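Visitor: Encoded as structure tokens, here's the structure I'll be asking about.
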4 protein chains.
Amino acid sequence: MKTGQQYLDSLRDGRFSFFDGRRVDDVMAEPIIERSAREIAATYDRYYSPEPGAVNPLMLPSKSVEELRQSTDERNRADLLTSITFQTLQGLKTTSTRMPPALQEYRERIDAFTSLALIDDLRMTECITDAKGNRSQHPAQQQDPDSYVHVADRQQSGIVITGAKLHITGASLCHTLMVMPTKAMKPNEGEYAVACAVDANAPGVHIVNVTPVPRVDDDRHFPVSRRGRIPTCLVVFDNVFVPYERVFLDGQTEYATVFAHTLGLWTRLGSTLGMAEEIDLLVGLAQLIAEANGTARVPHIKEKIAEMIITATLVRAGAEAAVLHAEVLSDGSVIPNELYTNAAKYHGAANYNLMLRHLHDIAGGSVITSPSMADFDNAELHDYLEKYWSTGSEVGGEYRLRLFHAIRDLTADTYGGWQMVTHLHGGGGLFAQQLVSTKHYDMGHARELALRSAGLME
Amino acid sequence: MKTGQQYLDSLRDGRFSFFDGRRVDDVMAEPIIERSAREIAATYDRYYSPEPGAVNPLMLPSKSVEELRQSTDERNRADLLTSITFQTLQGLKTTSTRMPPALQEYRERIDAFTSLALIDDLRMTECITDAKGNRSQHPAQQQDPDSYVHVADRQQSGIVITGAKLHITGASLCHTLMVMPTKAMKPNEGEYAVACAVDANAPGVHIVNVTPVPRVDDDRHFPVSRRGRIPTCLVVFDNVFVPYERVFLDGQTEYATVFAHTLGLWTRLGSTLGMAEEIDLLVGLAQLIAEANGTARVPHIKEKIAEMIITATLVRAGAEAAVLHAEVLSDGSVIPNELYTNAAKYHGAANYNLMLRHLHDIAGGSVITSPSMADFDNAELHDYLEKYWSTGSEVGGEYRLRLFHAIRDLTADTYGGWQMVTHLHGGGGLFAQQLVSTKHYDMGHARELALRSAGLME
Amino acid sequence: MKTGQQYLDSLRDGRFSFFDGRRVDDVMAEPIIERSAREIAATYDRYYSPEPGAVNPLMLPSKSVEELRQSTDERNRADLLTSITFQTLQGLKTTSTRMPPALQEYRERIDAFTSLALIDDLRMTECITDAKGNRSQHPAQQQDPDSYVHVADRQQSGIVITGAKLHITGASLCHTLMVMPTKAMKPNEGEYAVACAVDANAPGVHIVNVTPVPRVDDDRHFPVSRRGRIPTCLVVFDNVFVPYERVFLDGQTEYATVFAHTLGLWTRLGSTLGMAEEIDLLVGLAQLIAEANGTARVPHIKEKIAEMIITATLVRAGAEAAVLHAEVLSDGSVIPNELYTNAAKYHGAANYNLMLRHLHDIAGGSVITSPSMADFDNAELHDYLEKYWSTGSEVGGEYRLRLFHAIRDLTADTYGGWQMVTHLHGGGGLFAQQLVSTKHYDMGHARELALRSAGLME
Amino acid sequence: MKTGQQYLDSLRDGRFSFFDGRRVDDVMAEPIIERSAREIAATYDRYYSPEPGAVNPLMLPSKSVEELRQSTDERNRADLLTSITFQTLQGLKTTSTRMPPALQEYRERIDAFTSLALIDDLRMTECITDAKGNRSQHPAQQQDPDSYVHVADRQQSGIVITGAKLHITGASLCHTLMVMPTKAMKPNEGEYAVACAVDANAPGVHIVNVTPVPRVDDDRHFPVSRRGRIPTCLVVFDNVFVPYERVFLDGQTEYATVFAHTLGLWTRLGSTLGMAEEIDLLVGLAQLIAEANGTARVPHIKEKIAEMIITATLVRAGAEAAVLHAEVLSDGSVIPNELYTNAAKYHGAANYNLMLRHLHDIAGGSVITSPSMADFDNAELHDYLEKYWSTGSEVGGEYRLRLFHAIRDLTADTYGGWQMVTHLHGGGGLFAQQLVSTKHYDMGHARELALRSAGLME
């Protein structure tokens with residue numbers, strides 16, 4: 001296993017990374033990225049064991065529903081990249097059990113790679129979404145063949161891939177980029193049916209970091225977003241060589257979707273639990289600001305908070321039911337139920353914007369028009385702000401001002417916009433959730449109920 | 001225990017019952033009520049055991065979450081009055097465990113009564129909602145003191161109650177009317193804080209049956225609503241004597257709400273599961289009629305069905321989570337979680353009308369404009385209807401016509417209107433669900449999240 | 001012009017009509033249909049003029065926006081068949097102005113027919129929706145060629161049509177069935193591109209009446225639905241001969257949709273205004289029952305009524321804007337704006353079910369569980385019902401009971417279900433409204449705003 | 001009248017202004033504020049006339065509905081401060097006509113002041129919302145008497161006011177602060193019933209500027225928000241002297257709300273039209289990005305755009321109906337209809353967040369994860385970004401990248417959050433709109449419809 005410092009050192013491996021138009025030679029030299037790196041390093045230190053052969057317990061599959069509930073909770077408290085590493089490892093294993101005997105070699109490569117990754121305590125990220133070009137056309141129809149990552153060349157000991165992957169969490173902070181097809185491929189699209197593990201510093205890999213973390217330096221104005229958030233990246237693969245032992249699919253178009261589907265399930269469970277927790281946070285902010293404003297007993301305010309409570313509870317109920325109805329795989333490990341996971345993810349994503357409306361409705365326009373903490377520090381203004389933001393001896397001006405800034409930062413500023421879009425698209429958009437829910441629903445039961453009701457089943 | 005026939009015989013006990021403006025001397029002489037009676041009798045026969053001291057297993061409390069899930073499923077398959085009898089017995093026991101030692105006598109009366117009811121295999125119903133008069137005023141403020149059921153007189157061996165209870169399921173088909181206060185009472189409203197078990201044939205009890213079951217006699221035109229539905233009743237208590245051993249609360253205003261709250265929880269869990277099942281039925285009808293219309297692959301139809309699926313799934317997820325997080329009582333029995341139950345009930349009730357809109361949108365105007373089955377039987381019309389309601393060799397005219405009539409009967413006719421209102425108000429309206437959800441939500445957790453986000457908890 | 005009696009007499013013309021499985025030789029012998037006939041006769045009498053050559057002013061086109069507003073209001077107060085007759089006449093005229101010189105003969109036939117219809121004071125109805133068979137297939141692909149009305153034979157002096165039309169308002173009460181294609185036809189579907197005026201009593205025409213008017217005879221239990229409602233009909237055309245002078249389209253597939261589009265606009269404007277008025281009615285019932293219940297000052301009740309008010313107002317605003325932005329045709333007459341009409345129709349239809357939920361939420365469960373007026377008349381129950389439905393000296397029991405029955409009849413019973421589906425599908429379903437709104441929206445303006453915002457238009 | 005330069009010069013009058021914690025001696029020295037000032041100056045130049053006694057035509061009241069429509073359109077194209085100046089002037093005049101003869105002196109002062117303001121070509125802003133302290137308490141109950149602006153002292157020639165006003169548009173860029181009470185006052189709150197015109201540079205006035213305009217300097221990354229937006233301000237009045245001729249209400253508590261109500265109507269009409277236009281912009285962006293992504297023909301995308309179109313159309317319809325039903329005042333000028341204005345404002349505000357969800361759903365996650373324009377300019381990345389953001393030869397990478405940045409800037413970044421909250425609270429929140437709509441609705445008509453339907457009006 002690695003210590004936090006060993007992890008940080010491992011990132012200085014010549015990777016080709018960019019931020020705000022600048023080349024980044026050392027992630028520790030970019031303060032915004034450094035914060036995230038230190039957060040991940042802290043997780044390393046928390047689980048470090050010097051025992052030879054020790055592995056991070058967060059990375060191990062659950063063997064029962066109860067274990068799944070506990071480990072899910074624990075992973076949710078760790079940093080996001082660690083969570084994604086677990087999802088990737090677990091997804092690869094599930095994928096491996098679903099592959100037919102004819103693809104035995106891929107199964108062996110996957111097992112060898114995941115064992116190594118556990119021992120070496122690697123962090124990895126999922127590279128799924130392609131640039132896609134014109135979405136109304138299939139990969140093989142695109143004007144630019146690189147619109148989807150594909151095998152551009154083939155050498156004796158490995159393949160050469162080209163293309164770009166979007167929305168990649170923490171590509172500049174991980175060791176391994178787990179590349180897989182984003183969608184089903186047609187029989188003539190064999191070169192696009194490629195899954196492989198690529199080192200983050202492999203020649204030809206270009207990583208562009210994007211993040212809503214504020215560029216200006218005032219933690220008090222950005223109490224939420226300044227806390228470090230792992231960048232989301234564009235990863236360009238420009239003729240990148242991948243040795244065969246790291247290639248897990250190469251041309252078998254009928255298996256193109258198995259990776260993304262399997263990994264996506266875990267992502268959506270994580271998103272769903274994250275949303276339940278975030279809506280709880282919105283409830284808490286709504287309640288605190290209502291109390292601070294003196295409106296906590298106003299009927300329509302209470303109703304709006306009740307609606308937020310019910311939404312948070314239903315999203316959580318979906319995740320609970322998904323774990324309760326977990327599927328047991330052939331190797332004894334358990335994976336969450338697809339139907340409940342997707343229905344809950346959909347409900348949270350579809351209602352997140354309404355939750356924001358409720359919170360803003362309750363809080364009032366001062367969410368956006370409150371003077372900054374810099375104004376608060378100005379000697380000529382300080383007393384006025386303390387006086388006029390106070391609502392009585394029990395609610396100080398600074399306290400209420402900071403609540404407004406937390407609400408703004410979380411929901412009505414750069415980071416807020418980022419979260420709004422992320423909740424919508426994380427793990428697939430609303431339409432994807434509809435498709436998956438429909439696929440896993442027990443339509444046979446519903447049809448039988450319907451036929452009986454019409455007297456057509458006697 | 002009773003056989004079905006013994007149950008039917010037991011209803012000829014001189015009870016004072018009315019239907020459609022007529023006095024009903026024998027419920028078996030009113031075909032619409034007779035159907036419900038026979039359905040209940042069938043449940044009696046199904047669980048009958050001639051063993052002395054045998055009791056109906058459906059009436060026993062669950063001792064574990066797993067038992068709770070199974071018995072809940074089984075009760076949902078029985079008739080509604082049997083379900084309500086269980087809820088009442090279980091609610092009385094829970095209430096009994098929550099009463100303080102000072103009210104020991106009530107506990108003993110409750111225990112004696114519930115034991116007797118089990119042995120005698122009685123059916124009972126909950127009488128909660130009062131006439132209420134002007135809802136902006138408390139019971140003691142009403143112009144008519146009878147607006148809420150109250151102790152009107154007191155005799156040596158018992159009390160005399162007067163008032164009326166609304167929305168009472170199956171009062172004319174049960175043995176015992178379990179009367180309890182509908183809301184909290186003020187200290188000066190002791191005569192309204194009364195709970196007691198009243199025989200359905202006690203002098204002074206008047207029962208008015210109301211039901212959406214169609215009065216005209218064509219099962220094929222009403223495939224759903226003709227199947228028998230237990231009438232909902234108005235029960236008037238005009239100076240009804242109740243012996244003290246059947247009085248479970250008499251003046252202790254601080255306990256006025258404990259009965260209704262405890263029994264209401266079970267009612268809402270039942271409503272919630274019923275709604276999940278009914279939305280599944282709506283999904284099934286939507287899918288079948290879309291297939292029969294040839295529109296099952298139309299994108300906006302598929303999306304609407306997906307939304308219905310997700311709603312059904314979330315309501316069910318709430319019920320699952322309520323059972324998973326069941327509370328264990330001091331006597332070892334378990335009761336469902338309040339928060340999840342109420343949130344799920346709210347979601348189903350709040351969205352039921354939208355589900356109807358989706359189903360009607362998918363099915364088309366023929367839901368209401370399809371000729372009747374009597375038209376279908378008319379020799380001059382029969383072939384035209386078979387021809388024009390068919391949509392090809394795989395979908396016959398009669399099949400599709402009957403689907404339309406099932407949808408109409410279930411959702412756009414007398415019974416449909418009844419269901420729409422029942423789902424909304426069963427177990428309390430939307431506002432009640434908001435209140436209970438808020439009360440049981442972990443606001444402390446939400447506040448902590450909020451304070452942390454604002455940097456106010458370091 | 002005709003008097004009411006002349007109209008009634010004119011219906012005894014041998015037409016082939018059915019109701020509830022029975023052949024109807026004389027519409028005046030079926031009380032439910034008779035009511036509608038008498039309502040239409042009353043409109044005849046109201047506008048009757050003995051002057052030779054006089055015509056009904058309701059049938060004349062508007063020449064200005066102000067006239068359009070006034071005549072729209074006036075027609076909305078007349079019976080529905082009269083309104084549809086105007087829409088049909090006006091739609092035919094507009095269609096006529098849109099036909100190219102090459103189809104001069106059709107224009108002349110239309111003009112001759114509409115002039116005759118005015119003078120003879122005929123009532124007519126639109127026959128648009130076909131049986132359709134499998135909706136995923138075009139007319140020419142159907143297993144049964146009669147799935148869409150088509151020219152089945154051709155004779156020297158006219159055509160012979162076969163097929164069936166659904167959802168036809170008042171076919172058994174009008175003189176002329178205006179048949180037109182329901183959708184676009186492909187070049188090889190010339191026999192389906194047929195529009196013609198058919199006498200209601202033409203040999204081969206079969207009319208099946210369907211209506212939500214209650215079959216049982218208690219006006220007080222059905223205060224809304226007993227008032228007479230024109231039946232909706234299935235019309236079967238079994239080899240019906242139509243002389244050429246009544247054929248307005250015969251094979252020109254490129255003009256198949258012009259009739260339905262032009263007539264549909266007027267239908268939707270009527271539906272929209274009707275919905276605004278009906279939501280006003282729901283607001284009124286909500287307000288009255290809240291006052292009668294004593295809850296008119298409860299905050300969440302007031303908010304729900306406010307939402308209903310806002311919805312009613314927006315639907316009306318859309319109709320107002322449609323009239324304000326009316327299009328002036330080449331002959332100087334004006335027609336309402338498509339975009340505003342459709343957007344308003346959509347909004348009303350999409351929200352109608354939510355309005356019902358609000359009303360039911362406000363009114364309470366007594367909407368469905370209130371004893372009938374027959375119970376109210378029962379001597380043993382009368383005083384109890386008067387007493388317990390009263391909420392104080394200002395709100396009598398009968399008054400409140402009748403309010404509940406009005407709400408039930410209008411929204412939660414047979415007629416309520418009918419209205420719910422009618423509002424949704426009248427003038428086309430939600431999806432049709434989306435299509436038409438998109439087609440008529442000024443997308444060029446929106447694109448320009450977008451390009452400017454992105455700095456792409458400098 | 002003033003030229004643009006004269007306007008800019010007039011702002012250097014010693015006003016006490018702050019921005020981001022800094023004292024601002026000269027607004028032209030703060031680039032972010034300077035942009036707004038120059039925009040306002042451009043409006044001055046556009047309407048400048050050297051004629052003695054000339055006035056800006058945008059400031060004149062409309063005398064007919066047609067004039068109202070035209071001038072409203074024209075003002076919407078000018079800068080926001082000019083619009084608010086018109087609203088203030090017009091609102092003052094309407095207020096003046098509503099004052100009783102007993103308050104003749106106030107009317108004269110108002111008339112004198114508005115005449116002067118016209119001639120001097122002043123810009124003014126409305127100062128309505130107070131700090132409010134604890135909102136559950138009235139002004140006179142607050143711990144801090146300054147929670148609402150009030151008369152703190154009285155001198156021979158004028159009053160002295162203290163307090164703070166929030167959410168004030170352009171206080172640092174106008175000449176006159178029009179102070180008025182934010183709500184109804186009780187009889188004992190005479191010192192809070194104060195309305196007056198205060199010079200922006202009056203001693204004791206402190207102005208704190210708040211704005212979402214980005215602090216970093218990259219127009220291409222912020223194509224919308226960099227275009228200049230008038231700051232919203234906190235205005236503190238610390239013992240500010242106001243001469244009597246500028247005091248328009250001083251102690252008459254029964255008139256406390258007349259100013260805010262009258263001015264609010266114009267604000268809401270402006271907000272409503274602004275929202276309709278902004279939703280049109282969202283439609284345009286949705287359409288362009290769907291085309292660029294190649295998804296413009298995907299059914300669920302088209303449906304979402306159709307819903308946006310319908311929402312934009314209904315908001316606009318409400319504004320159209322408000323103008324169409326304008327009220328004519330005693331002086332011949334017209335003001336928009338309250339009911340339609342408020343219903344439309346409510347609908348836009350209530351649905352704005354859903355419109356954002358649709359836009360984000362359509363656009364995809366690249367709204368937030370697209371690399372910056374600085375990345376685009378980096379030589380090592382430029383070709384990759386051009387290549388991978390392109391979706392074919394017709395859609396260049398830069399074009400699509402800039403669309404994403406426009407969507408982000410407008411809806412998912414600092415400015416986007418600001419707009420989201422502004423649409424919700426501008427002109428009063430959702431609850432305020434409900435109240436005003438209910439107040440102006442024709443409930444008498446609705447009640448009559450309801451009584452008729454129940455047969456209670458014969």
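Each chain in the structure tokens gets a letter, A, B, ..., in the order shown, and its residues are numbered from 1; ligands are numbered from 1 in order too.
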Can you pull out every residue within 9 Å of Ser96 in chain A, counting only C-alpha atoms, but drop anything in the same chain fewer than 5 positions away, and send it as JSON, numbers by chain?
Guide: {"A": [91, 104, 106, 107, 108, 110, 111]}
Visitor: Using only C-alpha atoms, which chain C residues lie at most 7 Å away from chain D, written as number ranges by chain?
Guide: C: 223-224, 280-281, 283-285, 288, 303, 306, 309-310, 313-314, 317-318, 320-321, 340, 343-344, 402-403, 406, 434, 437-438, 443, 446-447, 449-450, 453-455
Visitor: Could the residues in this selection be written to a file with N, CA and C atoms, as an mmCIF file, in the first residue's frame?
Guide:
data_model
loop_
_atom_site.group_PDB
_atom_site.id
_atom_site.type_symbol
_atom_site.label_atom_id
_atom_site.label_comp_id
_atom_site.auth_asym_id
_atom_site.auth_seq_id
_atom_site.Cartn_x
_atom_site.Cartn_y
_atom_site.Cartn_z
ATOM 1 N N PRO C 223 -76.313 16.965 -10.446
ATOM 2 C CA PRO C 223 -76.764 18.327 -10.786
ATOM 3 C C PRO C 223 -76.109 18.865 -12.054
ATOM 4 N N VAL C 224 -74.928 18.381 -12.375
ATOM 5 C CA VAL C 224 -74.220 18.892 -13.547
ATOM 6 C C VAL C 224 -74.539 18.023 -14.766
ATOM 7 N N ASP C 280 -62.419 28.142 -13.894
ATOM 8 C CA ASP C 280 -63.087 29.130 -13.041
ATOM 9 C C ASP C 280 -64.157 28.446 -12.183
ATOM 10 N N LEU C 281 -64.896 27.538 -12.791
ATOM 11 C CA LEU C 281 -65.917 26.812 -12.038
ATOM 12 C C LEU C 281 -65.279 25.994 -10.914
ATOM 13 N N VAL C 283 -62.527 26.706 -9.406
ATOM 14 C CA VAL C 283 -62.130 27.687 -8.389
ATOM 15 C C VAL C 283 -63.335 28.034 -7.519
ATOM 16 N N GLY C 284 -64.459 28.273 -8.160
ATOM 17 C CA GLY C 284 -65.654 28.643 -7.400
ATOM 18 C C GLY C 284 -66.067 27.527 -6.447
ATOM 19 N N LEU C 285 -66.056 26.315 -6.918
ATOM 20 C CA LEU C 285 -66.427 25.195 -6.038
ATOM 21 C C LEU C 285 -65.425 25.053 -4.893
ATOM 22 N N LEU C 288 -66.210 27.846 -2.397
ATOM 23 C CA LEU C 288 -67.462 27.636 -1.658
ATOM 24 C C LEU C 288 -67.335 26.502 -0.649
ATOM 25 N N GLU C 303 -53.397 28.813 -0.785
ATOM 26 C CA GLU C 303 -52.370 28.676 -1.823
ATOM 27 C C GLU C 303 -52.860 27.820 -2.983
ATOM 28 N N ALA C 306 -55.141 29.777 -5.013
ATOM 29 C CA ALA C 306 -54.366 30.748 -5.792
ATOM 30 C C ALA C 306 -53.744 30.081 -7.022
ATOM 31 N N ILE C 309 -56.405 29.706 -9.558
ATOM 32 C CA ILE C 309 -56.706 31.014 -10.138
ATOM 33 C C ILE C 309 -55.678 31.360 -11.210
ATOM 34 N N ILE C 310 -54.417 31.138 -10.873
ATOM 35 C CA ILE C 310 -53.354 31.494 -11.817
ATOM 36 C C ILE C 310 -53.454 30.625 -13.069
ATOM 37 N N THR C 313 -56.282 31.845 -15.172
ATOM 38 C CA THR C 313 -55.933 33.130 -15.767
ATOM 39 C C THR C 313 -54.981 32.963 -16.948
ATOM 40 N N LEU C 314 -54.036 32.043 -16.828
ATOM 41 C CA LEU C 314 -53.090 31.852 -17.928
ATOM 42 C C LEU C 314 -53.760 31.222 -19.139
ATOM 43 N N ALA C 317 -55.537 33.953 -20.657
ATOM 44 C CA ALA C 317 -54.587 34.884 -21.284
ATOM 45 C C ALA C 317 -54.171 34.378 -22.659
ATOM 46 N N GLY C 318 -53.968 33.063 -22.757
ATOM 47 C CA GLY C 318 -53.585 32.501 -24.050
ATOM 48 C C GLY C 318 -54.681 32.715 -25.084
ATOM 49 N N GLU C 320 -56.969 35.066 -25.004
ATOM 50 C CA GLU C 320 -57.001 36.511 -25.278
ATOM 51 C C GLU C 320 -55.920 36.902 -26.274
ATOM 52 N N ALA C 321 -54.723 36.391 -26.051
ATOM 53 C CA ALA C 321 -53.612 36.729 -26.943
ATOM 54 C C ALA C 321 -53.851 36.145 -28.339
ATOM 55 N N TYR C 340 -50.646 30.940 -29.854
ATOM 56 C CA TYR C 340 -51.237 31.213 -28.536
ATOM 57 C C TYR C 340 -52.376 30.234 -28.225
ATOM 58 N N ALA C 343 -50.757 26.829 -27.296
ATOM 59 C CA ALA C 343 -50.031 26.872 -26.022
ATOM 60 C C ALA C 343 -51.022 26.896 -24.859
ATOM 61 N N ALA C 344 -52.084 27.662 -25.008
ATOM 62 C CA ALA C 344 -53.080 27.757 -23.935
ATOM 63 C C ALA C 344 -53.843 26.449 -23.785
ATOM 64 N N ARG C 402 -75.247 19.325 -1.169
ATOM 65 C CA ARG C 402 -75.386 19.532 -2.617
ATOM 66 C C ARG C 402 -74.091 20.028 -3.250
ATOM 67 N N LEU C 403 -73.331 20.807 -2.506
ATOM 68 C CA LEU C 403 -72.019 21.191 -3.036
ATOM 69 C C LEU C 403 -71.150 19.954 -3.272
ATOM 70 N N ALA C 406 -72.275 18.202 -6.347
ATOM 71 C CA ALA C 406 -71.869 18.896 -7.571
ATOM 72 C C ALA C 406 -70.396 18.610 -7.881
ATOM 73 N N GLN C 434 -48.013 20.174 -28.742
ATOM 74 C CA GLN C 434 -46.570 20.479 -28.787
ATOM 75 C C GLN C 434 -46.107 20.675 -30.225
ATOM 76 N N SER C 437 -47.522 23.991 -31.660
ATOM 77 C CA SER C 437 -46.875 25.160 -31.048
ATOM 78 C C SER C 437 -45.475 25.345 -31.623
ATOM 79 N N THR C 438 -44.743 24.270 -31.736
ATOM 80 C CA THR C 438 -43.382 24.364 -32.260
ATOM 81 C C THR C 438 -43.392 24.890 -33.688
ATOM 82 N N MET C 443 -39.006 30.718 -34.205
ATOM 83 C CA MET C 443 -37.704 30.166 -33.841
ATOM 84 C C MET C 443 -36.574 31.061 -34.338
ATOM 85 N N ALA C 446 -35.662 33.406 -31.638
ATOM 86 C CA ALA C 446 -34.964 32.714 -30.543
ATOM 87 C C ALA C 446 -33.520 32.387 -30.925
ATOM 88 N N ARG C 447 -33.336 31.937 -32.163
ATOM 89 C CA ARG C 447 -31.972 31.630 -32.618
ATOM 90 C C ARG C 447 -31.105 32.878 -32.610
ATOM 91 N N LEU C 449 -31.401 35.545 -30.712
ATOM 92 C CA LEU C 449 -31.060 35.867 -29.323
ATOM 93 C C LEU C 449 -29.911 34.980 -28.848
ATOM 94 N N ALA C 450 -29.982 33.699 -29.214
ATOM 95 C CA ALA C 450 -28.973 32.749 -28.749
ATOM 96 C C ALA C 450 -27.606 33.044 -29.361
ATOM 97 N N SER C 453 -26.107 36.025 -27.741
ATOM 98 C CA SER C 453 -25.636 35.789 -26.371
ATOM 99 C C SER C 453 -24.281 35.086 -26.383
ATOM 100 N N ALA C 454 -24.033 34.287 -27.413
ATOM 101 C CA ALA C 454 -22.770 33.551 -27.479
ATOM 102 C C ALA C 454 -21.691 34.345 -28.206
ATOM 103 N N GLY C 455 -22.027 35.572 -28.583
ATOM 104 C CA GLY C 455 -21.039 36.383 -29.294
ATOM 105 C C GLY C 455 -20.759 35.859 -30.685
#
Visitor: Name the residues in contact with range 238-244 of chain D at a cut-off of 7 Å, using only C-alpha atoms, excluding same-chain residues fewer than 2 positions from it; report them as number ranges by chain.
Guide: D: 157-163, 198, 202-205, 236, 246-247
Visitor: Give me every strand (DSSP E) residue in range 241-415 of chain B, going by DSSP on the backbone, as a PyMOL selection string.
Guide: chain B and resi 241-243+247-250+327-328+334-335
Visitor: What does the structure give for the distance between CA of Leu424 in chain B and CA of Ile230 in chain B, in Å to one decimal?
Guide: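 Calculated distance between CA of Leu424 in chain B and CA of Ile230 in chain B is 18.4 Å.
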Visitor: Could you pull the residues within 7 Å of range 56-70 of chain A, counting only C-alpha atoms, minus those fewer than 4 positions along the same chain, as an NGL selection string?
Guide: :A and (47 or 74-75 or 86 or 90 or 323-324 or 326 or 332-334)
Visitor: Could you pull out the residues in range 68-304 of chain C that DSSP calls alpha helix (DSSP H) from the backbone, as a count of residues only?
Guide: 88
Visitor: Quick one: residues within 12 Å of Val55 in chain D, only C-alpha atoms counted, chain neighbours fewer than 5 positions away excluded, as a list in words?
Guide: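 Near Val55 in chain D, the qualifying residues are Met1, Lys2, Tyr44, Tyr47, Tyr48, Ser49, Pro50, Leu60, Phe86, Thr114, Ser115, Leu116, Ala117, Leu118, Ile119, Asp120, Asp121 and Leu122 of chain D.
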Visitor: Quick check, in Å to one decimal: how far apart do CA of Asp413 in chain D and CA of Asp375 in chain D lie?
Guide: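 Interatomic distance here is 18.3 Å.
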Visitor: At what distance in Å, to one decimal, does CA of Leu92 in chain D lie from CA of Val151 in chain D?
Guide: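 Between these atoms lies a distance of 20.6 Å.
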